[in-house]
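Only one structure is covered here, and it is reproduced in the block below.
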Amino acid sequence: MEAYLYFLAGLAGLSAIVFFHELGHFLAARRMGVRVERFSIGFGPILARKRCCGTEWAFSAIPLGGYVKMKGQDDADPTVHSTDPDSYGGKTPWQRIVILLAGPMANLLLAMLLYLVIALHGAPLVAASDYVPPVVGAVAPDTPAQKAGLLPGDRILRVGDRPIRYWYQISEAIAAQPDPIPLTLKRGEKILILSLHTKTVEGKNLFGETIQRRIIGISPRLDANTTIRFAPDEALFYSLRETWKAATIVFRGVEKVATAQVGTENIGGAITIFDLLIRFAKAGFWYLLFIMALISVNLGVLNLLPIPALDGGHILFNLYEIVARKPLSSAMYLRLTVLGWIFLIGLMGLGLYNDVHRIWGGKHG
């Protein structure tokens, strides 16, 4: 019974993310005077529907996304076209681009709101480990920090010419400044300034790549049950920075996969998404909100990729129309859209294969 409730929580979380994406499209379309024929959460056969305000609102059988069906536009049938004043095709390319951008932007806005709510409540450590106070928890042996005399309990106030407010700023300041680095710290009631040289070590980045980084050999004072408290202005900063950071990671990840710097085995599918939602739901409500924010950023950014059948692909079509002063031919539009769907279906199949392989490997590896 408990597992079923966590599954429902994960499904509700995913549905909320999809709802906000489609709501962005819906509101922009209505603002531009486009009639929205159907607003669906999920794909496939419709399980429940209700007509209201000129739109059919539906829940469909496959809860892996959703869609807004506007008059004169249907991704399932690219040959559908209308130039009526209340249709998608009857609007200017710029108006269509606004409608297309509204979905991904709604996802980024949702992520910002979720991060803001988390921060105002008090963020669990997993959601805000970068923002722990810059207090030394441990000093590694045979490191610059030990040789310079740093001690557990020291509070880092400044690295070089950079003031330090959060722990993540220490590594950023170290990477940006030449040796030797003056370190200003508070020990008890005393203010001390130490000078130290950094040590270069090999490590792994988020994508599993080997990188060189400069360290001084300290780690923060952490407690798994720590809740990070933010003032309102700090909460807003946290919300903006985390949304930007997550979006940047997604862009970099796509770039690295596309250029073969990272293997395709790192691509996850629907099972991975559900697994993350369920595992974070088990950890607690605030953990669920945190993973929802990350997934919302992913959905928003990935939809901007210039792939036909995604928002980014349609934006590209409209930009072509603006530059060329004519739309793509119907034949070319159909051909590109079909290729886009083939690519996306292949990508989803690869993600599903990787999901199953990870599960099988976890059980039998």
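Ordered as shown in the structure tokens, chains take letters A, B, and onward, while each chain numbers its residues from 1 and ligands are numbered from 1 in the order shown.
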Contact residues around region 236-245 of chain A with only C-alpha atoms at 6 Å, ignoring same-chain residues under 4 positions, as a PyMOL selection string: chain A and resi 112+115-116
Pick out the residues sitting within 12 Å of Ala127 (chain A), and hand them over as a short mmCIF file (atom, residue, chain, number, x, y, z; two decimals) with N, CA and C atoms, in the first residue's frame; count only C-alpha atoms, and ignore anything fewer than 6 positions along from it in its own chain.
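So around.cif came out as:
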```cif
data_model
loop_
_atom_site.label_atom_id
_atom_site.label_comp_id
_atom_site.auth_asym_id
_atom_site.auth_seq_id
_atom_site.Cartn_x
_atom_site.Cartn_y
_atom_site.Cartn_z
N LEU A 114 9.25 26.46 -7.24
CA LEU A 114 9.49 25.33 -6.35
C LEU A 114 10.75 25.55 -5.51
N TYR A 115 11.82 26.01 -6.15
CA TYR A 115 13.05 26.30 -5.41
C TYR A 115 12.79 27.39 -4.37
N LEU A 116 12.01 28.39 -4.73
CA LEU A 116 11.72 29.49 -3.80
C LEU A 116 10.94 28.99 -2.59
N VAL A 117 9.93 28.15 -2.83
CA VAL A 117 9.14 27.59 -1.73
C VAL A 117 10.02 26.74 -0.82
N ILE A 118 10.88 25.92 -1.43
CA ILE A 118 11.79 25.08 -0.65
C ILE A 118 12.69 25.94 0.23
N ALA A 119 13.25 26.99 -0.36
CA ALA A 119 14.18 27.85 0.38
C ALA A 119 13.48 28.60 1.51
N ALA A 224 23.42 15.15 7.93
CA ALA A 224 22.41 14.74 6.95
C ALA A 224 21.04 15.32 7.28
N ASN A 225 20.78 15.63 8.55
CA ASN A 225 19.48 16.17 8.94
C ASN A 225 19.45 17.70 8.95
N THR A 226 20.54 18.31 8.48
CA THR A 226 20.62 19.77 8.47
C THR A 226 19.57 20.35 7.53
N THR A 227 18.92 21.41 7.97
CA THR A 227 18.02 22.20 7.13
C THR A 227 18.66 23.57 6.93
N ILE A 228 18.82 23.97 5.68
CA ILE A 228 19.45 25.25 5.37
C ILE A 228 18.39 26.34 5.35
N ARG A 229 18.56 27.34 6.20
CA ARG A 229 17.59 28.43 6.31
C ARG A 229 18.04 29.61 5.45
N TYR A 238 18.81 31.94 -4.29
CA TYR A 238 18.91 30.48 -4.39
C TYR A 238 18.04 29.97 -5.53
N SER A 239 16.81 30.47 -5.62
CA SER A 239 15.87 30.03 -6.65
C SER A 239 16.41 30.32 -8.05
N GLU A 242 19.79 28.21 -8.74
CA GLU A 242 19.58 26.78 -8.94
C GLU A 242 18.90 26.49 -10.27
N THR A 243 17.96 27.35 -10.67
CA THR A 243 17.31 27.17 -11.97
C THR A 243 18.32 27.34 -13.09
N ALA A 246 20.81 24.33 -13.08
CA ALA A 246 20.21 23.11 -13.63
C ALA A 246 20.07 23.20 -15.14
N PHE A 280 12.50 10.10 -4.22
CA PHE A 280 12.49 11.37 -3.50
C PHE A 280 11.18 11.55 -2.72
N TRP A 286 9.43 17.72 0.77
CA TRP A 286 10.34 18.75 0.27
C TRP A 286 11.36 18.18 -0.68
N TYR A 287 11.71 16.91 -0.48
CA TYR A 287 12.59 16.24 -1.42
C TYR A 287 11.88 16.04 -2.77
N LEU A 288 10.58 15.71 -2.70
CA LEU A 288 9.79 15.54 -3.92
C LEU A 288 9.73 16.85 -4.70
N LEU A 289 9.52 17.96 -4.00
CA LEU A 289 9.48 19.26 -4.68
C LEU A 289 10.81 19.56 -5.35
N PHE A 290 11.90 19.18 -4.68
CA PHE A 290 13.24 19.43 -5.24
C PHE A 290 13.45 18.67 -6.55
N ILE A 291 13.11 17.38 -6.57
CA ILE A 291 13.32 16.62 -7.81
C ILE A 291 12.35 17.07 -8.89
N MET A 292 11.16 17.52 -8.49
CA MET A 292 10.22 18.07 -9.48
C MET A 292 10.81 19.32 -10.14
N ALA A 293 11.48 20.15 -9.36
CA ALA A 293 12.11 21.35 -9.92
C ALA A 293 13.17 20.97 -10.95
N LEU A 294 14.00 19.98 -10.63
CA LEU A 294 15.04 19.54 -11.56
C LEU A 294 14.44 18.96 -12.85
#
```
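For region 318-329 of chain A, the set of protein, DNA and RNA residues having any atom at most 12 Å away, when counting only C-alpha atoms and skipping those fewer than 4 positions along the same chain, is Pro78, Thr79, Tyr88, Gly89, Lys91, Thr92, Pro93, Trp94, Gln95, Arg96, Ile97, Val98, Ile99, Leu100, Leu101, Pro306, Pro308, Asp311, Gly312, Gly313, His314, Tyr333, Leu334, Arg335, Leu336 and Thr337 of chain A.
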Near-region 173-185 of chain A list (12 Å; only C-alpha atoms; drop same-chain fewer than 2 positions) as a PyMOL selection string: chain A and resi 134-136+144-145+148-171+187-200+212-217
The selected residues should be written to file as a PDB file, in the first residue's frame (atoms: C-alpha atoms).
```
ATOM      1  CA  PRO A 134      31.607  28.235   5.184  1.00  0.00           C
ATOM      2  CA  VAL A 135      32.686  26.541   8.425  1.00  0.00           C
ATOM      3  CA  VAL A 136      35.452  23.950   8.214  1.00  0.00           C
ATOM      4  CA  PRO A 144      47.782  22.939   1.966  1.00  0.00           C
ATOM      5  CA  ALA A 145      45.090  23.628   4.561  1.00  0.00           C
ATOM      6  CA  ALA A 148      48.817  26.439   6.732  1.00  0.00           C
ATOM      7  CA  GLY A 149      47.247  25.637  10.092  1.00  0.00           C
ATOM      8  CA  LEU A 150      43.493  25.565   9.376  1.00  0.00           C
ATOM      9  CA  LEU A 151      41.405  23.859  12.047  1.00  0.00           C
ATOM     10  CA  PRO A 152      37.889  22.395  12.224  1.00  0.00           C
ATOM     11  CA  GLY A 153      35.515  25.143  13.319  1.00  0.00           C
ATOM     12  CA  ASP A 154      37.307  27.912  11.404  1.00  0.00           C
ATOM     13  CA  ARG A 155      34.878  30.095   9.468  1.00  0.00           C
ATOM     14  CA  ILE A 156      36.148  31.232   6.051  1.00  0.00           C
ATOM     15  CA  LEU A 157      35.424  34.943   5.583  1.00  0.00           C
ATOM     16  CA  ARG A 158      37.390  35.718   2.432  1.00  0.00           C
ATOM     17  CA  VAL A 159      39.437  33.869  -0.195  1.00  0.00           C
ATOM     18  CA  GLY A 160      41.821  36.309  -1.810  1.00  0.00           C
ATOM     19  CA  ASP A 161      39.754  39.363  -2.653  1.00  0.00           C
ATOM     20  CA  ARG A 162      36.420  37.493  -2.646  1.00  0.00           C
ATOM     21  CA  PRO A 163      34.059  37.595   0.358  1.00  0.00           C
ATOM     22  CA  ILE A 164      32.607  34.193   1.218  1.00  0.00           C
ATOM     23  CA  ARG A 165      28.972  33.724   2.225  1.00  0.00           C
ATOM     24  CA  TYR A 166      28.320  30.110   1.162  1.00  0.00           C
ATOM     25  CA  TRP A 167      30.542  27.037   0.955  1.00  0.00           C
ATOM     26  CA  TYR A 168      30.374  26.721  -2.857  1.00  0.00           C
ATOM     27  CA  GLN A 169      32.009  30.140  -3.205  1.00  0.00           C
ATOM     28  CA  ILE A 170      35.247  28.801  -1.694  1.00  0.00           C
ATOM     29  CA  SER A 171      36.038  26.473  -4.605  1.00  0.00           C
ATOM     30  CA  ARG A 187      38.645  31.413  14.812  1.00  0.00           C
ATOM     31  CA  GLY A 188      36.728  32.061  17.988  1.00  0.00           C
ATOM     32  CA  GLU A 189      36.899  35.833  18.385  1.00  0.00           C
ATOM     33  CA  LYS A 190      40.079  36.225  16.346  1.00  0.00           C
ATOM     34  CA  ILE A 191      40.439  37.182  12.692  1.00  0.00           C
ATOM     35  CA  LEU A 192      43.390  35.419  11.042  1.00  0.00           C
ATOM     36  CA  ILE A 193      44.933  35.704   7.593  1.00  0.00           C
ATOM     37  CA  LEU A 194      46.769  32.663   6.274  1.00  0.00           C
ATOM     38  CA  SER A 195      48.624  32.306   2.985  1.00  0.00           C
ATOM     39  CA  LEU A 196      48.660  28.973   1.204  1.00  0.00           C
ATOM     40  CA  HIS A 197      49.400  27.262  -2.086  1.00  0.00           C
ATOM     41  CA  THR A 198      46.791  25.027  -3.662  1.00  0.00           C
ATOM     42  CA  LYS A 199      47.155  21.371  -4.621  1.00  0.00           C
ATOM     43  CA  THR A 200      46.035  20.056  -8.025  1.00  0.00           C
ATOM     44  CA  GLN A 212      41.981  18.625 -12.867  1.00  0.00           C
ATOM     45  CA  ARG A 213      40.995  20.869 -10.002  1.00  0.00           C
ATOM     46  CA  ARG A 214      42.758  22.935  -7.366  1.00  0.00           C
ATOM     47  CA  ILE A 215      42.004  22.233  -3.722  1.00  0.00           C
ATOM     48  CA  ILE A 216      43.249  23.260  -0.307  1.00  0.00           C
ATOM     49  CA  GLY A 217      41.976  20.159   1.529  1.00  0.00           C
TER      50      GLY A 217
END
```
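By only C-alpha atoms, and with residues fewer than 4 positions from Ala29 (chain A) along its chain excluded, the set lying at most 8 Å from it is His25, Gly33, Val34, Arg35, Val36, Met70, Tyr88 and Ile99 of chain A.
For the pair CA of Ala9 (chain A) and CA of Ala281 (chain A), the separation is 6.6 Å.
Across the model, the gap from CA of Ser87 (chain A) to CA of Arg31 (chain A) is 12.3 Å.
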In region 107-176 of chain A, DSSP alpha helix (DSSP H) residues written as a ChimeraX atom specification: /A:107-121,125-128,144-148,168-176
For the residues selected in the previous step, produce a file with N, CA and C atoms as an mmCIF file, in the first residue's frame.
```cif
data_model
loop_
_atom_site.group_PDB
_atom_site.id
_atom_site.type_symbol
_atom_site.label_atom_id
_atom_site.label_comp_id
_atom_site.auth_asym_id
_atom_site.auth_seq_id
_atom_site.Cartn_x
_atom_site.Cartn_y
_atom_site.Cartn_z
ATOM 1 N N ASN A 107 7.863 25.913 -17.575
ATOM 2 C CA ASN A 107 8.619 24.932 -16.795
ATOM 3 C C ASN A 107 9.724 25.578 -15.980
ATOM 4 N N LEU A 108 10.428 26.542 -16.570
ATOM 5 C CA LEU A 108 11.491 27.228 -15.833
ATOM 6 C C LEU A 108 10.900 28.060 -14.702
ATOM 7 N N LEU A 109 9.756 28.684 -14.949
ATOM 8 C CA LEU A 109 9.082 29.447 -13.890
ATOM 9 C C LEU A 109 8.625 28.534 -12.769
ATOM 10 N N LEU A 110 8.081 27.369 -13.118
ATOM 11 C CA LEU A 110 7.667 26.405 -12.089
ATOM 12 C C LEU A 110 8.861 25.996 -11.242
ATOM 13 N N ALA A 111 9.996 25.713 -11.884
ATOM 14 C CA ALA A 111 11.202 25.327 -11.139
ATOM 15 C C ALA A 111 11.618 26.438 -10.181
ATOM 16 N N MET A 112 11.610 27.686 -10.655
ATOM 17 C CA MET A 112 11.973 28.808 -9.800
ATOM 18 C C MET A 112 11.040 28.908 -8.599
ATOM 19 N N LEU A 113 9.748 28.718 -8.828
ATOM 20 C CA LEU A 113 8.772 28.797 -7.729
ATOM 21 C C LEU A 113 8.982 27.664 -6.728
ATOM 22 N N LEU A 114 9.250 26.465 -7.245
ATOM 23 C CA LEU A 114 9.490 25.326 -6.351
ATOM 24 C C LEU A 114 10.746 25.547 -5.514
ATOM 25 N N TYR A 115 11.818 26.005 -6.154
ATOM 26 C CA TYR A 115 13.045 26.300 -5.410
ATOM 27 C C TYR A 115 12.790 27.390 -4.367
ATOM 28 N N LEU A 116 12.005 28.387 -4.734
ATOM 29 C CA LEU A 116 11.721 29.487 -3.800
ATOM 30 C C LEU A 116 10.941 28.988 -2.594
ATOM 31 N N VAL A 117 9.931 28.150 -2.830
ATOM 32 C CA VAL A 117 9.139 27.592 -1.726
ATOM 33 C C VAL A 117 10.017 26.736 -0.816
ATOM 34 N N ILE A 118 10.876 25.922 -1.432
ATOM 35 C CA ILE A 118 11.789 25.081 -0.648
ATOM 36 C C ILE A 118 12.691 25.940 0.229
ATOM 37 N N ALA A 119 13.252 26.993 -0.358
ATOM 38 C CA ALA A 119 14.183 27.846 0.381
ATOM 39 C C ALA A 119 13.483 28.597 1.511
ATOM 40 N N LEU A 120 12.275 29.090 1.255
ATOM 41 C CA LEU A 120 11.550 29.835 2.292
ATOM 42 C C LEU A 120 11.133 28.932 3.447
ATOM 43 N N HIS A 121 10.869 27.656 3.114
ATOM 44 C CA HIS A 121 10.528 26.709 4.183
ATOM 45 C C HIS A 121 11.763 26.302 4.966
ATOM 46 N N LEU A 125 19.352 19.194 3.089
ATOM 47 C CA LEU A 125 20.756 19.265 2.672
ATOM 48 C C LEU A 125 20.936 18.876 1.214
ATOM 49 N N VAL A 126 20.207 17.858 0.729
ATOM 50 C CA VAL A 126 20.374 17.412 -0.649
ATOM 51 C C VAL A 126 20.024 18.505 -1.647
ATOM 52 N N ALA A 127 19.152 19.432 -1.246
ATOM 53 C CA ALA A 127 18.729 20.506 -2.140
ATOM 54 C C ALA A 127 19.588 21.752 -2.017
ATOM 55 N N ALA A 128 20.439 21.810 -1.003
ATOM 56 C CA ALA A 128 21.180 23.051 -0.761
ATOM 57 C C ALA A 128 22.553 22.814 -0.155
ATOM 58 N N PRO A 144 47.426 21.546 1.694
ATOM 59 C CA PRO A 144 47.782 22.939 1.966
ATOM 60 C C PRO A 144 47.085 23.502 3.193
ATOM 61 N N ALA A 145 45.826 23.110 3.410
ATOM 62 C CA ALA A 145 45.090 23.628 4.561
ATOM 63 C C ALA A 145 45.727 23.191 5.878
ATOM 64 N N GLN A 146 46.134 21.909 5.954
ATOM 65 C CA GLN A 146 46.775 21.426 7.174
ATOM 66 C C GLN A 146 48.120 22.119 7.390
ATOM 67 N N LYS A 147 48.884 22.270 6.311
ATOM 68 C CA LYS A 147 50.197 22.905 6.439
ATOM 69 C C LYS A 147 50.092 24.378 6.832
ATOM 70 N N ALA A 148 49.003 25.026 6.401
ATOM 71 C CA ALA A 148 48.817 26.439 6.732
ATOM 72 C C ALA A 148 48.249 26.632 8.130
ATOM 73 N N TYR A 168 30.014 26.900 -1.452
ATOM 74 C CA TYR A 168 30.374 26.721 -2.857
ATOM 75 C C TYR A 168 31.271 27.844 -3.374
ATOM 76 N N GLN A 169 31.205 29.013 -2.741
ATOM 77 C CA GLN A 169 32.009 30.140 -3.205
ATOM 78 C C GLN A 169 33.495 29.935 -2.940
ATOM 79 N N ILE A 170 33.832 29.047 -2.004
ATOM 80 C CA ILE A 170 35.247 28.801 -1.694
ATOM 81 C C ILE A 170 35.956 28.193 -2.899
ATOM 82 N N SER A 171 35.386 27.126 -3.464
ATOM 83 C CA SER A 171 36.038 26.473 -4.605
ATOM 84 C C SER A 171 36.071 27.390 -5.823
ATOM 85 N N GLU A 172 35.008 28.179 -6.024
ATOM 86 C CA GLU A 172 35.005 29.124 -7.146
ATOM 87 C C GLU A 172 36.125 30.151 -6.996
ATOM 88 N N ALA A 173 36.309 30.651 -5.768
ATOM 89 C CA ALA A 173 37.349 31.659 -5.523
ATOM 90 C C ALA A 173 38.744 31.058 -5.674
ATOM 91 N N ILE A 174 38.926 29.837 -5.220
ATOM 92 C CA ILE A 174 40.227 29.168 -5.345
ATOM 93 C C ILE A 174 40.582 28.972 -6.816
ATOM 94 N N ALA A 175 39.592 28.552 -7.624
ATOM 95 C CA ALA A 175 39.848 28.300 -9.040
ATOM 96 C C ALA A 175 40.187 29.573 -9.807
ATOM 97 N N ALA A 176 39.728 30.722 -9.296
ATOM 98 C CA ALA A 176 39.876 31.976 -10.043
ATOM 99 C C ALA A 176 41.119 32.775 -9.663
#
```
Which of region 129-285 of chain A fall in strand (DSSP E or B), as a ChimeraX atom specification: /A:135-139,155-159,162-163,181-187,190-196,199-204,210-215,218-220,227-228
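Remark: for Lys69 (chain A), the closest of the candidate residues A:Ala106, A:Pro220, A:Glu22, A:Leu47 is A:Glu22 (distances computed over only C-alpha atoms).
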Distance of CA of Gly203 (chain A) from CA of Thr143 (chain A), expressed in Å to one decimal place: 15.8 Å
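Residues in contact range of region 339-348 of chain A, defined as at most 9 Å between only C-alpha atoms, with sequence neighbours fewer than 6 positions away removed, read Ile267, Gly268, Gly269, Ala270, Ile307, Pro308, Ala309, Leu310 and Gly313 of chain A.
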Create the file for the chosen residues now, containing C-alpha atoms and written as an mmCIF file, in the first residue's frame.
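Heads up, here's the output in result-v7.cif:
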```
data_model
loop_
_atom_site.group_PDB
_atom_site.id
_atom_site.type_symbol
_atom_site.label_atom_id
_atom_site.label_comp_id
_atom_site.auth_asym_id
_atom_site.auth_seq_id
_atom_site.Cartn_x
_atom_site.Cartn_y
_atom_site.Cartn_z
ATOM 1 C CA ILE A 267 20.546 8.836 -21.308
ATOM 2 C CA GLY A 268 17.638 7.960 -19.042
ATOM 3 C CA GLY A 269 14.009 7.341 -19.921
ATOM 4 C CA ALA A 270 10.588 7.368 -18.342
ATOM 5 C CA ILE A 307 14.311 18.930 -33.243
ATOM 6 C CA PRO A 308 11.159 18.789 -35.395
ATOM 7 C CA ALA A 309 8.138 17.732 -33.272
ATOM 8 C CA LEU A 310 9.595 19.574 -30.253
ATOM 9 C CA GLY A 313 11.911 22.529 -33.930
#
```
For Gly10 (chain A): contacts at 9 Å, only C-alpha atoms, fewer than 3 positions along chain excluded, given as number ranges by chain: A: 5-7, 13-15, 273-281, 288
